[in-house]
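So the structure is just underneath, and the comments pick up after that.
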Amino acid sequence: PALRRLCHHLLAHYQKGTRPVRDWRTTTTVAIDLMVYAILSVDEKDQVLTTYIWYRQHWTDEFLKWDPARFDNLTQISLPVESIWVPDILINEFVDVGKSPHVPYVYVSHHGEVQNLKPIQVMTACSLDIYNFPFDVQNCSLTFTSWLHHIRDINLSLWRHPELVKFDQSVFMNQGEWELLYVLSHFQEFSVKSSDSYAEMKFYVVIRRRPLFYTVSLLLPSIFLMVMDIVGFYLPPHSGERVSFKITLLLGYSVFLIIVSDTLPATAVGTPLIGVYFVVCMALLVISLTETILIVCLVHKQDLQPHVPEWLKHLLLERATILLCIRDRKKFSQSRMQTLDTSRQVENNDSTAKPTPYVCEEPRECGAVGGTRPALAFAGRPEGSAALQEVLRETTAIRQLLEKREEFRDLARDWLQVGYVLDVLLFRVYLAAVLAYSITLGTLWSVWRDA
């Protein structure tokens, strides 16, 4: 058969140990091509990229030529790859031998052109930058070069046009975490310490992470907790519910960070920006809790506090209210004061209640009582004077107590107003800080994603 006769004709006296040129000064040019099939994994900790590529190369073998007319017009034949010379082209970034299938044959045409097509699982070292996670774009290079032969023996070229290689996604599996943006190609000569130059063909594989999963599982829960922290400022500051509410939020955020710690990529070089974002959010929650504790200390236990300084009144109750557009700064304290007024009025009514006067039912009884009362009052004047003085002393003590209570009420009202205005001021400062931080991060991530 023609295939057997041709194979015996080509390999009978073939020497695969030498470069297949008749003149040793002739350079063997190897054209290579690359198509990315899948992005298998990106290991940020070990800085390793695992890809699955379709690799193609062809060169001219001057000892594998024949006349098709002598072999039944046969123009192409497949030969075992172990029986012919194959260039020693490797990838410089190789860190491990992947599970690549072995293709035992190559195609040879009657002009001596050899085509070697094979799929390769490539595990290469790559400098991965995770600062922009989960909106990061990675650029990893695959450098093909001859490990032994310099450029005078083996030169490299690109099989297809660079633009066709750049945007070719015909075989790429586009269902994983990473999407392929483009593949750049670049040829250069490489030399070490003034030695012979080597030809290198670099392919830059540019990939981008799909951030939807991380946005839903990482960013949105954190944003919801921060929104609830802002809403918590609308709880009354004189109640203890705000403190417990913010402590619960802080505890919940701590549990959330423990859960997502395994999801964040870890490297020894740096920390992703989203990790800094979580730390700053935790710091904002701590600041919010500290502000709440300060306000609660101001509006509670006013009896033990001194008078509000005049400079503080002028600064907060006059200047700050105009700046914050608080039209009625006493509105907040009125509900608190009304509660205090109600309780004190009940106490005053109980303490100052008068006995019911005696009412006589019969005229005789009224006359008898009326006739004897002046005599009794006159007879007991010394004892009556002492009782009157005792009543006056008790009345004076009650009056002083009421005046002191009124003074404490005014003091409590002043501190409550100061606490209310300070709470509004700190809340707006906190809100401005959160908004500025959110806008800055959103702008940075948007710019990086568009870039």
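Scheme for the structure tokens: letters A, B, ... for chains in order shown; per-chain residue numbers from 1; ligand numbers from 1 in order shown.
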Residues near Gln47 (chain A), cut-off 10 Å, only C-alpha atoms, skip fewer than 2 positions along chain, as a PyMOL selection string: chain A and resi 42-45+49+124-129+267
Go ahead and write the residues just picked, N, CA, C and O atoms, as an mmCIF file, in the first residue's frame.
data_model
loop_
_atom_site.group_PDB
_atom_site.id
_atom_site.type_symbol
_atom_site.label_atom_id
_atom_site.label_comp_id
_atom_site.auth_asym_id
_atom_site.auth_seq_id
_atom_site.Cartn_x
_atom_site.Cartn_y
_atom_site.Cartn_z
ATOM 1 N N VAL A 42 -7.205 29.392 39.468
ATOM 2 C CA VAL A 42 -6.290 30.494 39.772
ATOM 3 C C VAL A 42 -5.986 30.416 41.258
ATOM 4 O O VAL A 42 -6.853 30.678 42.092
ATOM 5 N N ASP A 43 -4.767 30.036 41.590
ATOM 6 C CA ASP A 43 -4.345 29.875 42.980
ATOM 7 C C ASP A 43 -3.600 31.135 43.405
ATOM 8 O O ASP A 43 -2.424 31.323 43.062
ATOM 9 N N GLU A 44 -4.314 32.014 44.148
ATOM 10 C CA GLU A 44 -3.693 33.277 44.549
ATOM 11 C C GLU A 44 -2.599 33.084 45.580
ATOM 12 O O GLU A 44 -1.619 33.831 45.616
ATOM 13 N N LYS A 45 -2.757 32.088 46.437
ATOM 14 C CA LYS A 45 -1.769 31.884 47.500
ATOM 15 C C LYS A 45 -0.438 31.409 46.939
ATOM 16 O O LYS A 45 0.624 31.917 47.323
ATOM 17 N N LEU A 49 -1.335 29.713 37.867
ATOM 18 C CA LEU A 49 -2.472 29.725 36.946
ATOM 19 C C LEU A 49 -2.495 28.407 36.192
ATOM 20 O O LEU A 49 -1.480 27.991 35.622
ATOM 21 N N THR A 124 1.339 27.244 35.253
ATOM 22 C CA THR A 124 2.414 28.220 35.133
ATOM 23 C C THR A 124 2.396 29.183 36.308
ATOM 24 O O THR A 124 1.351 29.438 36.915
ATOM 25 N N ALA A 125 3.583 29.706 36.591
ATOM 26 C CA ALA A 125 3.701 30.749 37.611
ATOM 27 C C ALA A 125 3.233 32.074 37.018
ATOM 28 O O ALA A 125 3.540 32.408 35.874
ATOM 29 N N CYS A 126 2.489 32.808 37.818
ATOM 30 C CA CYS A 126 1.935 34.087 37.359
ATOM 31 C C CYS A 126 1.876 35.042 38.538
ATOM 32 O O CYS A 126 1.517 34.649 39.655
ATOM 33 N N SER A 127 2.249 36.273 38.290
ATOM 34 C CA SER A 127 2.169 37.303 39.331
ATOM 35 C C SER A 127 0.729 37.805 39.400
ATOM 36 O O SER A 127 0.310 38.660 38.606
ATOM 37 N N LEU A 128 -0.025 37.274 40.348
ATOM 38 C CA LEU A 128 -1.443 37.591 40.473
ATOM 39 C C LEU A 128 -1.625 38.776 41.418
ATOM 40 O O LEU A 128 -1.134 38.769 42.552
ATOM 41 N N ASP A 129 -2.319 39.773 40.946
ATOM 42 C CA ASP A 129 -2.610 40.969 41.736
ATOM 43 C C ASP A 129 -4.069 40.905 42.174
ATOM 44 O O ASP A 129 -4.982 41.045 41.356
ATOM 45 N N THR A 267 -2.681 36.108 50.060
ATOM 46 C CA THR A 267 -1.327 36.093 49.523
ATOM 47 C C THR A 267 -0.393 36.678 50.562
ATOM 48 O O THR A 267 -0.804 37.374 51.490
#
Selection: 6 Å around region 180-196 of chain A, only C-alpha atoms, excl. self and same-chain fewer than 2 positions, as a list in words: Lys166, Phe167, Tyr198, Ala199, Glu200, Met201, Lys202, Phe203, Tyr204, Val205, Val206 and Ile207 of chain A
Preceding selection exported with N, CA, C and O atoms as a PDB file, in the first residue's frame:
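The result, written out as result08.pdb:
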ATOM      1  N   LYS A 166      -5.535  37.431  19.008  1.00  0.00           N
ATOM      2  CA  LYS A 166      -5.965  38.271  20.123  1.00  0.00           C
ATOM      3  C   LYS A 166      -7.432  38.042  20.496  1.00  0.00           C
ATOM      4  O   LYS A 166      -7.770  37.880  21.669  1.00  0.00           O
ATOM      5  N   PHE A 167      -8.295  38.007  19.529  1.00  0.00           N
ATOM      6  CA  PHE A 167      -9.733  37.952  19.809  1.00  0.00           C
ATOM      7  C   PHE A 167     -10.353  36.591  19.485  1.00  0.00           C
ATOM      8  O   PHE A 167     -11.571  36.493  19.351  1.00  0.00           O
ATOM      9  N   TYR A 198      18.404  33.850  22.185  1.00  0.00           N
ATOM     10  CA  TYR A 198      17.376  32.837  22.012  1.00  0.00           C
ATOM     11  C   TYR A 198      16.084  33.531  21.596  1.00  0.00           C
ATOM     12  O   TYR A 198      15.790  34.649  22.025  1.00  0.00           O
ATOM     13  N   ALA A 199      15.334  32.857  20.754  1.00  0.00           N
ATOM     14  CA  ALA A 199      14.056  33.399  20.301  1.00  0.00           C
ATOM     15  C   ALA A 199      12.962  33.044  21.298  1.00  0.00           C
ATOM     16  O   ALA A 199      12.885  31.901  21.777  1.00  0.00           O
ATOM     17  N   GLU A 200      12.126  34.034  21.595  1.00  0.00           N
ATOM     18  CA  GLU A 200      11.012  33.829  22.529  1.00  0.00           C
ATOM     19  C   GLU A 200       9.724  34.366  21.910  1.00  0.00           C
ATOM     20  O   GLU A 200       9.722  35.449  21.311  1.00  0.00           O
ATOM     21  N   MET A 201       8.670  33.600  22.079  1.00  0.00           N
ATOM     22  CA  MET A 201       7.341  34.036  21.668  1.00  0.00           C
ATOM     23  C   MET A 201       6.467  34.077  22.913  1.00  0.00           C
ATOM     24  O   MET A 201       6.204  33.052  23.528  1.00  0.00           O
ATOM     25  N   LYS A 202       6.050  35.279  23.271  1.00  0.00           N
ATOM     26  CA  LYS A 202       5.254  35.461  24.482  1.00  0.00           C
ATOM     27  C   LYS A 202       3.781  35.611  24.125  1.00  0.00           C
ATOM     28  O   LYS A 202       3.425  36.365  23.203  1.00  0.00           O
ATOM     29  N   PHE A 203       2.945  34.909  24.872  1.00  0.00           N
ATOM     30  CA  PHE A 203       1.492  35.057  24.784  1.00  0.00           C
ATOM     31  C   PHE A 203       0.995  35.555  26.136  1.00  0.00           C
ATOM     32  O   PHE A 203       1.238  34.906  27.162  1.00  0.00           O
ATOM     33  N   TYR A 204       0.334  36.697  26.124  1.00  0.00           N
ATOM     34  CA  TYR A 204      -0.221  37.272  27.350  1.00  0.00           C
ATOM     35  C   TYR A 204      -1.710  36.949  27.408  1.00  0.00           C
ATOM     36  O   TYR A 204      -2.499  37.471  26.599  1.00  0.00           O
ATOM     37  N   VAL A 205      -2.086  36.110  28.344  1.00  0.00           N
ATOM     38  CA  VAL A 205      -3.487  35.707  28.524  1.00  0.00           C
ATOM     39  C   VAL A 205      -4.109  36.644  29.557  1.00  0.00           C
ATOM     40  O   VAL A 205      -3.737  36.626  30.735  1.00  0.00           O
ATOM     41  N   VAL A 206      -5.035  37.468  29.118  1.00  0.00           N
ATOM     42  CA  VAL A 206      -5.692  38.462  29.980  1.00  0.00           C
ATOM     43  C   VAL A 206      -7.084  37.947  30.321  1.00  0.00           C
ATOM     44  O   VAL A 206      -7.915  37.738  29.430  1.00  0.00           O
ATOM     45  N   ILE A 207      -7.324  37.743  31.606  1.00  0.00           N
ATOM     46  CA  ILE A 207      -8.599  37.196  32.073  1.00  0.00           C
ATOM     47  C   ILE A 207      -9.182  38.129  33.125  1.00  0.00           C
ATOM     48  O   ILE A 207      -8.453  38.887  33.790  1.00  0.00           O
TER      49      ILE A 207
END
Distance in Å - CA of Leu425 (chain A) versus CA of Thr248 (chain A): 23.6 Å
Would you pick out the contacts of Trp66 (chain A) at 9 Å or less, using only C-alpha atoms, so that residues sharing its chain but fewer than 5 positions from it are not included, and give the list as a PDB file with C-alpha atoms, in the first residue's frame?
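In the end it all went to selection-v7.pdb:
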ATOM      1  CA  LEU A   6       5.841   6.065   1.873  1.00  0.00           C
ATOM      2  CA  HIS A   9      10.707   5.473   2.287  1.00  0.00           C
ATOM      3  CA  LEU A  10      10.756   8.370   4.746  1.00  0.00           C
ATOM      4  CA  PHE A  71       3.037   7.228  -4.026  1.00  0.00           C
ATOM      5  CA  THR A  75       0.322  14.475  -0.260  1.00  0.00           C
ATOM      6  CA  SER A 109       3.084  17.057   3.919  1.00  0.00           C
ATOM      7  CA  HIS A 110       5.022  16.268   0.727  1.00  0.00           C
ATOM      8  CA  HIS A 111       6.786  19.653   0.961  1.00  0.00           C
ATOM      9  CA  GLY A 112       8.327  18.594   4.264  1.00  0.00           C
TER      10      GLY A 112
END
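Atom pair CA of Arg4 (chain A) / CA of Val114 (chain A) has a distance of 18.4 Å (rounded to one decimal).
Closest approach to Leu289 (chain A) among A:Val447, A:Ile89, A:Leu250, A:Ile77: A:Leu250, based on only C-alpha atoms.
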Strand (DSSP E or B) residues, from DSSP on the backbone, in region 50-110 of chain A, as a PyMOL selection string: chain A and resi 50-60+76-80+89-91+94-97+105-109
Tell me, as a PDB file with all heavy atoms, in the first residue's frame, which residues lie within 10 Å of Gly176 (chain A), counting only C-alpha atoms; anything in the same chain fewer than 5 positions away does not count.
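File out_8.pdb, as written:
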ATOM      1  N   ALA A  38      -9.812  26.666  28.259  1.00  0.00           N
ATOM      2  CA  ALA A  38     -10.481  26.825  29.555  1.00  0.00           C
ATOM      3  C   ALA A  38      -9.486  27.363  30.575  1.00  0.00           C
ATOM      4  O   ALA A  38      -8.278  27.115  30.489  1.00  0.00           O
ATOM      5  CB  ALA A  38     -11.067  25.501  30.040  1.00  0.00           C
ATOM      6  N   ILE A  39     -10.027  28.109  31.543  1.00  0.00           N
ATOM      7  CA  ILE A  39      -9.272  28.545  32.726  1.00  0.00           C
ATOM      8  C   ILE A  39      -9.682  27.616  33.857  1.00  0.00           C
ATOM      9  O   ILE A  39     -10.797  27.703  34.383  1.00  0.00           O
ATOM     10  CB  ILE A  39      -9.567  30.012  33.076  1.00  0.00           C
ATOM     11  CG1 ILE A  39      -9.328  30.917  31.869  1.00  0.00           C
ATOM     12  CG2 ILE A  39      -8.717  30.455  34.266  1.00  0.00           C
ATOM     13  CD1 ILE A  39      -7.908  30.952  31.395  1.00  0.00           C
ATOM     14  N   LEU A  40      -8.786  26.722  34.232  1.00  0.00           N
ATOM     15  CA  LEU A  40      -9.148  25.693  35.211  1.00  0.00           C
ATOM     16  C   LEU A  40      -9.127  26.209  36.638  1.00  0.00           C
ATOM     17  O   LEU A  40     -10.059  25.982  37.401  1.00  0.00           O
ATOM     18  CB  LEU A  40      -8.205  24.489  35.058  1.00  0.00           C
ATOM     19  CG  LEU A  40      -8.220  23.812  33.684  1.00  0.00           C
ATOM     20  CD1 LEU A  40      -7.282  22.616  33.662  1.00  0.00           C
ATOM     21  CD2 LEU A  40      -9.633  23.392  33.314  1.00  0.00           C
ATOM     22  N   SER A  41      -8.087  26.907  37.033  1.00  0.00           N
ATOM     23  CA  SER A  41      -8.001  27.403  38.409  1.00  0.00           C
ATOM     24  C   SER A  41      -6.994  28.541  38.475  1.00  0.00           C
ATOM     25  O   SER A  41      -6.058  28.611  37.665  1.00  0.00           O
ATOM     26  CB  SER A  41      -7.590  26.285  39.382  1.00  0.00           C
ATOM     27  OG  SER A  41      -6.268  25.856  39.127  1.00  0.00           O
ATOM     28  N   ARG A 209     -12.205  38.294  36.371  1.00  0.00           N
ATOM     29  CA  ARG A 209     -13.086  37.532  37.256  1.00  0.00           C
ATOM     30  C   ARG A 209     -14.518  38.049  37.151  1.00  0.00           C
ATOM     31  O   ARG A 209     -14.746  39.267  37.061  1.00  0.00           O
ATOM     32  CB  ARG A 209     -12.594  37.664  38.709  1.00  0.00           C
ATOM     33  CG  ARG A 209     -13.252  36.675  39.672  1.00  0.00           C
ATOM     34  CD  ARG A 209     -12.945  37.067  41.116  1.00  0.00           C
ATOM     35  NE  ARG A 209     -11.535  37.204  41.355  1.00  0.00           N
ATOM     36  CZ  ARG A 209     -10.749  36.246  41.831  1.00  0.00           C
ATOM     37  NH1 ARG A 209     -11.260  35.063  42.111  1.00  0.00           N
ATOM     38  NH2 ARG A 209      -9.452  36.474  42.038  1.00  0.00           N
ATOM     39  N   ARG A 210     -15.456  37.122  37.190  1.00  0.00           N
ATOM     40  CA  ARG A 210     -16.870  37.508  37.224  1.00  0.00           C
ATOM     41  C   ARG A 210     -17.263  37.800  38.673  1.00  0.00           C
ATOM     42  O   ARG A 210     -17.263  36.908  39.519  1.00  0.00           O
ATOM     43  CB  ARG A 210     -17.746  36.400  36.648  1.00  0.00           C
ATOM     44  CG  ARG A 210     -17.579  36.215  35.146  1.00  0.00           C
ATOM     45  CD  ARG A 210     -18.606  35.225  34.617  1.00  0.00           C
ATOM     46  NE  ARG A 210     -18.572  35.167  33.157  1.00  0.00           N
ATOM     47  CZ  ARG A 210     -17.846  34.308  32.453  1.00  0.00           C
ATOM     48  NH1 ARG A 210     -17.074  33.425  33.092  1.00  0.00           N
ATOM     49  NH2 ARG A 210     -17.876  34.313  31.141  1.00  0.00           N
TER      50      ARG A 210
END
Those of region 214-244 of chain A in DSSP helix (DSSP H, G or I), formatted as a PyMOL selection string: chain A and resi 214-234+241-244
Minimum-distance residue to Glu62 (chain A), chosen among A:Asp33, A:Glu113, A:Asp96, A:Glu82 (using only C-alpha atoms): A:Glu113
Separation of CA of Val227 (chain A) from CA of Asn132 (chain A), in Å and rounded to one decimal: 23.5 Å
Neighbour list for His149 (chain A) as number ranges by chain, cut-off 10 Å, only C-alpha atoms, skip fewer than 2 positions in-chain: A: 87-89, 145-147, 151-155, 196-199
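For the choices A:Leu401, A:Asp168, A:Ala266, A:Leu156, the atom-to-atom distance to Thr27 (chain A) is smallest for A:Leu156 when using only C-alpha atoms.
Nearest residue to Phe133 (chain A) among A:His102, A:Val279, A:Leu402, A:Ile274 is A:Ile274, counting only C-alpha atoms.
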